[in-house]
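Scroll down for the structure; my scribbles are underneath it.
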Number of protein chains: 4
Amino acid sequence: MTAATPAPAPARAPRTRRGAETRAALVAAARTVFERDGFLDARIADVAAQAGVATGSFYTHFADKEEILAAVLEAAREEMLHPHLSEQADELGPAAMIEAANRAYLASYRKNAKLMALLDQVAAVDVRFRRLRAQRSRAFVARNARAIARLQAQGLADPALDPRQASRALSGMVSRLAYATYVLGERAPSETLVQTLTRLWVNALRIPPQR
Amino acid sequence: MTAATPAPAPARAPRTRRGAETRAALVAAARTVFERDGFLDARIADVAAQAGVATGSFYTHFADKEEILAAVLEAAREEMLHPHLSEQADELGPAAMIEAANRAYLASYRKNAKLMALLDQVAAVDVRFRRLRAQRSRAFVARNARAIARLQAQGLADPALDPRQASRALSGMVSRLAYATYVLGERAPSETLVQTLTRLWVNALRIPPQR
Amino acid sequence: MTAATPAPAPARAPRTRRGAETRAALVAAARTVFERDGFLDARIADVAAQAGVATGSFYTHFADKEEILAAVLEAAREEMLHPHLSEQADELGPAAMIEAANRAYLASYRKNAKLMALLDQVAAVDVRFRRLRAQRSRAFVARNARAIARLQAQGLADPALDPRQASRALSGMVSRLAYATYVLGERAPSETLVQTLTRLWVNALRIPPQR
Amino acid sequence: MTAATPAPAPARAPRTRRGAETRAALVAAARTVFERDGFLDARIADVAAQAGVATGSFYTHFADKEEILAAVLEAAREEMLHPHLSEQADELGPAAMIEAANRAYLASYRKNAKLMALLDQVAAVDVRFRRLRAQRSRAFVARNARAIARLQAQGLADPALDPRQASRALSGMVSRLAYATYVLGERAPSETLVQTLTRLWVNALRIPPQR
DNA sequence: CATGAATGAGCCTTCATTCAT
DNA sequence: GATGAATGAAGGCTCATTCAT
């Protein structure tokens with residue numbers, strides 16, 4: 001897992017407080033600039049200027065644009081963690097669980113839309129970030145696959161479905177819709193999306209109606 | 001529809017056979033180079049060289065890289081046309097119809113994977129192509145929405161679903177899976193994908209089992 | 001005199017009527033384009049397009065931009081001929097003669113302002129046209145010098161002045177003022193200019209008041 | 001006045017000694033190259049080479065050729081300041097004052113002939129420098145107009161003349177003659193020019209002979 | 001460590017001129 | 001003669017990266 005991380009962690013971590021401050025300022029600046037101009041159009045000099053440091057100082061902390069982007073994404077890791085189907089047996093029942101997961105996912109995606117757009121752009125351009133995105137996506141898919149398998153085991157989901165493939169498809173459905181809505185800007189009320197996705201999931205998995 | 005096309009029409013169309021040949025050679029060369037190097041890394045000079053003409057000749061026919069990409073995508077329009085749910089009432093029944101559509105879609109996507117990857121990359125970078133992709137996608141979504149509505153009218157699909165939203169979600173599910181498989185290279189046998197997608201669609205729409 | 005003409009006359013004069021027509025169209029087009037875009041920014045292709053002929057046809061008639069400019073200036077020679085102090089003894093008296101000359105000069109300059117601006121621009125850039133302009137200017141200066149000498153001989157002008165130098169200075173005064181007014185666009189009513197110039201000439205030459 | 005200056009002020013002034021040195025070297029080099037090759041034929045790379053720096057360094061200090069030309073002209077402003085009719089009442093009398101002014105003007109023009117030629121060339125091509133030249137010229141004209149008005153007030157100059165127009169004409173006469181002589185290279189001994197111009201001014205203004 | 005300037009390879013674009021049809 | 005496309009040399013400009021202070 002660590003192996004797939006673009007920049008496994010900068011070899012030279014700041015040794016002094018001042019160094020750490022500069023580094024942090026650069027990472028924050030990079031996020032601002034990347035979100036504003038896009039990764040490709042952002043120039044090292046812009047990032048440094050935005051951070052209020054000299055251009056040369058950039059190279060004290062990062063080898064190149066990719067490396068600082070990795071740092072940006074790492075710093076935002078928490079924010080970007082995708083909510084997923086809960087693993088705990090839930091007193092709410094499967095449908096409510098799915099609905100909660102979809103709502104949480106969309107809300108999270110919406111909140112981090114700029115970052116998601118950035119990750120998407122950069123994935124289109126650089127294999128390393130394509131791998132990073134794939135890895136995060138895989139984690140999400142795997143969790144949902146486990147949830148599906150559990151429902152099947154409980155006799156609550158269509159046993160004909162391959163949990164892994166079904167999860168790939170249905171998880172992709174959710175993230176694609178979130179992408180289209182919050183990154184591409186296709187108009188649709190969030191609540192409608194939640195309801196539609198939930199109904200499609202419930203139907204698709206053949207989850208029996210609540211008794 | 002024409003309005004959304006990136007390069008509405010080349011200002012100066014070739015007036016001689018030779019001009020048309022050179023232009024065609026450039027378009028073909030551009031496709032080769034773009035698919036090989038990616039749009040961003042492709043240089044005008046490479047395209048010209050690949051076409052066997054002088055660098056300057058490129059500008060006789062195109063204003064910039066975007067314009068020739070538009071020509072490439074236009075030339076490949078036919079190939080890239082997405083199969084979709086048939087509009088004819090089908091003696092095979094809805095499930096078979098859906099299966100056929102999914103199979104055709106995946107096959108088409110697979111065949112044009114490089115081009116799809118290119119379009120994806122370029123959409124991540126240039127609004128105009130983002131719009132083009134969205135437009136093509138919309139056509140696909142709209143047709144599927146009509147098919148869903150028809151099934152509902154026939155009492156063959158879950159009436160609780162908004163056909164438009166359901167189509168956005170389910171169509172996105174298919175294309176995302178195709179993307180993940182044929183562009184990102186996630187391993188999965190095509191037949192499994194067809195079966196999974198079909199079952200998910202059938203379930204999601206609550207299409208009744210064949211009598 | 002012919003020696004100073006930039007392009008002594010195109011070696012290949014048109015042999016057919018069609019050739020002559022194309023050539024004439026090119027010259028007219030060149031004047032339009034040069035006056036509109038300036039000589040430096042005008043492109044051969046623009047001139048040909050304006051003339052409604054193919055780019056290549058330009059070279060059937062002219063070797064380069066300088067040559068067609070020479071043709072433009074040649075064709076406009078008549079229009080641009082500077083009026084000057086009459087050589088005939090004038091029953092109006094010297095002052096009226098000077099006034100008439102100044103009025104005519106300014107009117108002519110004003111009418112051909114765009115062409116004068118063009119000649120000026122091109123003189124700043126190309127020695128050959130610098131020479132052409134100097135040559136035309138010399139003719140004007142020489143005639144005025146002769147007129148001054150005649151007035152001196154008649155006891156009507158300050159004998160202390162070198163007629164040649166005085167003419168250079170006073171003729172330059174007139175053309176510079178015309179340039180500033182009609183090319184640079186400094187605001188001043190033409191009649192005021194005529195009166196001022198005339199009074200300055202009369203004073204400067206010490207022409208006695210009309211009895 | 002500052003408003004009309006082509007490049008109001010370089011956005012990024014050098015912050016280190018080294019930067020200032022390079023900038024100065026570039027300005028000096030530009031003057032050399034422009035005077036040698038003319039503004040239009042001068043290439044950025046030549047200027048950088050002449051300054052002994054890399055081509056790219058040019059852009060550290062200037063946006064384009066126009067901007068460095070503005071710097072060249074600014075740096076030479078002092079040298080190019082036109083002497084003019086003194087404003088102090090002069091014990092020498094008006095005629096001597098005029099002679100002194102003409103002599104000084106011609107001497108200054110001669111000394112800076114190359115720069116004047118450069119300014120002239122560039123004014124023919126770029127509006128911004130046309131404005132700069134006009135502005136400098138206006139200052140010269142205005143001072144002479146004031147001097148003429150003063151002489152009129154003292155009863156020492158033809159009251160029928162509009163001081164402003166007379167100054168435009170007579171000042172233009174002087175600068176045109178200087179241009180023809182020192183830039184175009186028309187042969188004439190400087191002392192003759194001074195004497196002729198002075199006599200013409202004195203006559204034109206009807207300055208009474210020294211008692 | 002920070003600074004800010006220097007470096008120069010690299011790509012884009014223009015357009016006068018040539019030439020096959 | 002006319003056509004319109006091909007040619008390719010020439011310069012402009014950018015910006016990641018290095019480095020002396």
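Convention: chains lettered A, B, ... in structure tokens order; per-chain residue numbering from 1; ligands numbered from 1 as shown.
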
Determine, using only C-alpha atoms (C1' of nucleotides), which residues of chain D have any atom at most 12 Å from an atom of chain E, and tabulate each with its shortest atom pair and distance in Å to one decimal place, rows ordered by chain and then rising number, as a Markdown table.
```
| residue | atom | partner | partner_atom | distance |
| --- | --- | --- | --- | --- |
| D:Arg12 | CA | E:DG4 | C1' | 11.4 |
| D:Ala13 | CA | E:DG4 | C1' | 11.4 |
| D:Pro14 | CA | E:DA5 | C1' | 8.7 |
| D:Arg15 | CA | E:DG4 | C1' | 7.6 |
| D:Thr16 | CA | E:DG4 | C1' | 7.7 |
| D:Arg17 | CA | E:DA5 | C1' | 10.2 |
| D:Arg18 | CA | E:DA5 | C1' | 7.7 |
| D:Gly19 | CA | E:DA5 | C1' | 6.3 |
| D:Ala20 | CA | E:DA5 | C1' | 10.0 |
| D:Glu21 | CA | E:DA5 | C1' | 10.9 |
| D:Thr22 | CA | E:DA5 | C1' | 9.2 |
| D:Arg23 | CA | E:DA5 | C1' | 10.7 |
| D:Ala45 | CA | E:DG8 | C1' | 11.8 |
| D:Ala48 | CA | E:DA6 | C1' | 11.9 |
| D:Gly52 | CA | E:DA6 | C1' | 11.3 |
| D:Val53 | CA | E:DA6 | C1' | 7.9 |
| D:Ala54 | CA | E:DT7 | C1' | 6.3 |
| D:Thr55 | CA | E:DG8 | C1' | 7.6 |
| D:Gly56 | CA | E:DT7 | C1' | 7.1 |
| D:Ser57 | CA | E:DA6 | C1' | 6.3 |
| D:Phe58 | CA | E:DA6 | C1' | 9.9 |
| D:Tyr59 | CA | E:DA6 | C1' | 10.8 |
| D:Thr60 | CA | E:DA5 | C1' | 7.8 |
| D:His61 | CA | E:DA5 | C1' | 9.9 |
```

With 9 Å as the limit and counting only C-alpha atoms, what residues in chain D lie close to chain C? Please list them as a short mmCIF file (atom, residue, chain, number, x, y, z; two decimals) with N, CA and C atoms, in the first residue's frame.
```
data_model
loop_
_atom_site.label_atom_id
_atom_site.label_comp_id
_atom_site.auth_asym_id
_atom_site.auth_seq_id
_atom_site.Cartn_x
_atom_site.Cartn_y
_atom_site.Cartn_z
N GLY D 38 19.39 48.75 -35.58
CA GLY D 38 18.03 49.28 -35.68
C GLY D 38 17.13 48.45 -34.78
N LEU D 40 14.12 47.29 -35.18
CA LEU D 40 13.37 46.19 -35.79
C LEU D 40 14.22 44.96 -36.05
N ALA D 117 17.88 59.01 -34.10
CA ALA D 117 17.50 58.19 -35.25
C ALA D 117 16.70 56.98 -34.76
N ASP D 120 13.33 57.98 -33.77
CA ASP D 120 12.54 58.27 -34.97
C ASP D 120 12.05 56.98 -35.61
N GLN D 121 12.95 56.02 -35.71
CA GLN D 121 12.56 54.76 -36.35
C GLN D 121 11.43 54.10 -35.57
N VAL D 122 11.61 54.08 -34.29
CA VAL D 122 10.67 53.36 -33.45
C VAL D 122 9.32 54.09 -33.38
N ALA D 123 9.37 55.40 -33.50
CA ALA D 123 8.13 56.18 -33.50
C ALA D 123 7.33 55.87 -34.76
N ALA D 124 8.04 55.54 -35.82
CA ALA D 124 7.35 55.25 -37.07
C ALA D 124 6.62 53.92 -37.00
N VAL D 125 6.91 53.17 -35.99
CA VAL D 125 6.45 51.79 -35.95
C VAL D 125 5.54 51.51 -34.76
N ARG D 130 5.63 56.92 -30.46
CA ARG D 130 5.19 58.13 -31.15
C ARG D 130 4.71 59.12 -30.09
N ALA D 134 6.27 62.74 -29.13
CA ALA D 134 5.39 63.91 -29.18
C ALA D 134 5.43 64.67 -27.86
N ALA D 160 1.54 90.12 -34.20
CA ALA D 160 0.50 89.47 -35.01
C ALA D 160 0.59 87.94 -34.94
N LEU D 161 1.72 87.43 -34.44
CA LEU D 161 1.90 85.97 -34.41
C LEU D 161 1.24 85.33 -33.19
N ASP D 162 0.60 84.20 -33.43
CA ASP D 162 0.12 83.38 -32.32
C ASP D 162 1.34 82.66 -31.75
N GLN D 165 1.40 78.76 -32.15
CA GLN D 165 1.55 78.26 -33.52
C GLN D 165 2.92 78.63 -34.08
N ALA D 166 3.35 79.82 -33.77
CA ALA D 166 4.67 80.23 -34.26
C ALA D 166 5.75 79.32 -33.68
N ARG D 168 5.33 76.22 -32.66
CA ARG D 168 5.23 74.90 -33.32
C ARG D 168 6.00 74.92 -34.63
N ALA D 169 5.76 75.97 -35.40
CA ALA D 169 6.37 76.04 -36.73
C ALA D 169 7.88 76.21 -36.63
N LEU D 170 8.31 77.20 -35.86
CA LEU D 170 9.75 77.50 -35.81
C LEU D 170 10.54 76.40 -35.08
N SER D 171 9.95 75.85 -34.03
CA SER D 171 10.64 74.76 -33.32
C SER D 171 10.76 73.56 -34.25
N GLY D 172 9.69 73.30 -34.98
CA GLY D 172 9.72 72.20 -35.94
C GLY D 172 10.77 72.44 -37.01
N MET D 173 10.90 73.67 -37.40
CA MET D 173 11.92 74.00 -38.41
C MET D 173 13.30 73.59 -37.91
N VAL D 174 13.58 73.93 -36.68
CA VAL D 174 14.89 73.62 -36.12
C VAL D 174 15.11 72.11 -36.02
N SER D 175 14.12 71.42 -35.47
CA SER D 175 14.35 69.99 -35.27
C SER D 175 14.38 69.24 -36.60
N ARG D 176 13.57 69.69 -37.54
CA ARG D 176 13.60 69.03 -38.85
C ARG D 176 14.97 69.20 -39.52
N LEU D 177 15.51 70.39 -39.40
CA LEU D 177 16.81 70.63 -40.02
C LEU D 177 17.88 69.78 -39.34
N ALA D 180 17.41 66.26 -40.62
CA ALA D 180 17.90 66.09 -41.98
C ALA D 180 19.43 66.06 -42.01
N LEU D 184 19.75 62.06 -41.35
CA LEU D 184 19.75 61.67 -42.76
C LEU D 184 21.11 61.92 -43.40
N ALA D 188 25.98 69.78 -44.44
CA ALA D 188 25.90 71.22 -44.18
C ALA D 188 26.72 71.53 -42.94
N THR D 192 26.97 77.21 -40.33
CA THR D 192 26.05 77.79 -41.30
C THR D 192 24.61 77.57 -40.86
N LEU D 193 24.34 76.37 -40.37
CA LEU D 193 22.99 76.08 -39.90
C LEU D 193 22.60 77.03 -38.77
N THR D 196 21.95 80.48 -40.19
CA THR D 196 20.71 80.55 -40.98
C THR D 196 19.49 80.49 -40.08
N LEU D 197 19.49 79.51 -39.19
CA LEU D 197 18.32 79.37 -38.31
C LEU D 197 18.11 80.62 -37.47
N ARG D 199 19.04 83.72 -38.08
CA ARG D 199 18.55 84.84 -38.90
C ARG D 199 17.06 84.64 -39.23
N LEU D 200 16.70 83.40 -39.54
CA LEU D 200 15.30 83.14 -39.87
C LEU D 200 14.40 83.39 -38.66
N TRP D 201 14.83 82.93 -37.50
CA TRP D 201 14.05 83.18 -36.28
C TRP D 201 13.92 84.69 -36.03
N VAL D 202 15.03 85.36 -36.07
CA VAL D 202 15.03 86.80 -35.77
C VAL D 202 14.13 87.54 -36.75
N ASN D 203 14.30 87.23 -38.02
CA ASN D 203 13.44 87.85 -39.02
C ASN D 203 11.98 87.48 -38.78
N ALA D 204 11.75 86.22 -38.62
CA ALA D 204 10.37 85.73 -38.54
C ALA D 204 9.62 86.38 -37.37
N LEU D 205 10.35 86.54 -36.28
CA LEU D 205 9.71 87.15 -35.11
C LEU D 205 9.76 88.68 -35.18
N ARG D 206 10.45 89.20 -36.20
CA ARG D 206 10.63 90.66 -36.34
C ARG D 206 11.28 91.25 -35.10
#
```

For this session: Please report as number ranges by chain which residues of chain F come no farther than 10 Å from chain B, using only C-alpha atoms (C1' of nucleotides).
Result: F: 3-8

Exercise. Could you pull out all residues of chain B with a DSSP call of alpha helix (DSSP H) and give them as a ChimeraX atom specification?
Worked result: /B:17-37,44-51,55-61,65-75,77-80,94-111,113-123,127-153,163-178,190-205

Could you give me, as a short mmCIF file (atom, residue, chain, number, x, y, z; two decimals) with N, CA and C atoms, in the first residue's frame, the residues within 10 Å of Tyr182 of chain D, counting only C-alpha atoms (C1' of nucleotides) and dropping anything in the same chain fewer than 5 positions from it?
```
data_model
loop_
_atom_site.label_atom_id
_atom_site.label_comp_id
_atom_site.auth_asym_id
_atom_site.auth_seq_id
_atom_site.Cartn_x
_atom_site.Cartn_y
_atom_site.Cartn_z
N LEU D 106 21.43 72.19 -31.75
CA LEU D 106 22.08 71.42 -32.82
C LEU D 106 23.22 70.57 -32.26
N ALA D 107 23.97 71.13 -31.33
CA ALA D 107 25.09 70.38 -30.75
C ALA D 107 24.56 69.14 -30.02
N TYR D 109 21.72 67.63 -30.52
CA TYR D 109 21.13 66.69 -31.48
C TYR D 109 22.24 65.89 -32.15
N ARG D 110 23.29 66.59 -32.51
CA ARG D 110 24.40 65.92 -33.18
C ARG D 110 25.00 64.84 -32.29
N LYS D 111 25.18 65.21 -31.04
CA LYS D 111 25.80 64.28 -30.10
C LYS D 111 24.95 63.01 -29.94
N ASN D 112 23.65 63.18 -29.94
CA ASN D 112 22.76 62.03 -29.72
C ASN D 112 22.10 61.55 -31.01
N ALA D 113 22.76 61.82 -32.11
CA ALA D 113 22.14 61.54 -33.41
C ALA D 113 21.64 60.10 -33.50
N LYS D 114 22.45 59.16 -33.06
CA LYS D 114 22.04 57.76 -33.19
C LYS D 114 20.78 57.47 -32.39
N MET D 116 18.56 59.68 -31.55
CA MET D 116 17.44 60.38 -32.19
C MET D 116 16.95 59.56 -33.38
N ALA D 117 17.88 59.01 -34.10
CA ALA D 117 17.50 58.19 -35.25
C ALA D 117 16.70 56.98 -34.76
N ARG D 176 13.57 69.69 -37.54
CA ARG D 176 13.60 69.03 -38.85
C ARG D 176 14.97 69.20 -39.52
N LEU D 177 15.51 70.39 -39.40
CA LEU D 177 16.81 70.63 -40.02
C LEU D 177 17.88 69.78 -39.34
N ARG D 187 24.57 67.04 -46.07
CA ARG D 187 25.79 67.78 -45.76
C ARG D 187 25.50 69.26 -45.52
N ALA D 188 25.98 69.78 -44.44
CA ALA D 188 25.90 71.22 -44.18
C ALA D 188 26.72 71.53 -42.94
N SER D 190 27.76 72.96 -39.54
CA SER D 190 26.92 73.31 -38.41
C SER D 190 26.83 74.82 -38.21
#
```

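The space separating atom CA of Pro94 of chain A from atom CA of Ala157 of chain B comes to 22.3 Å.
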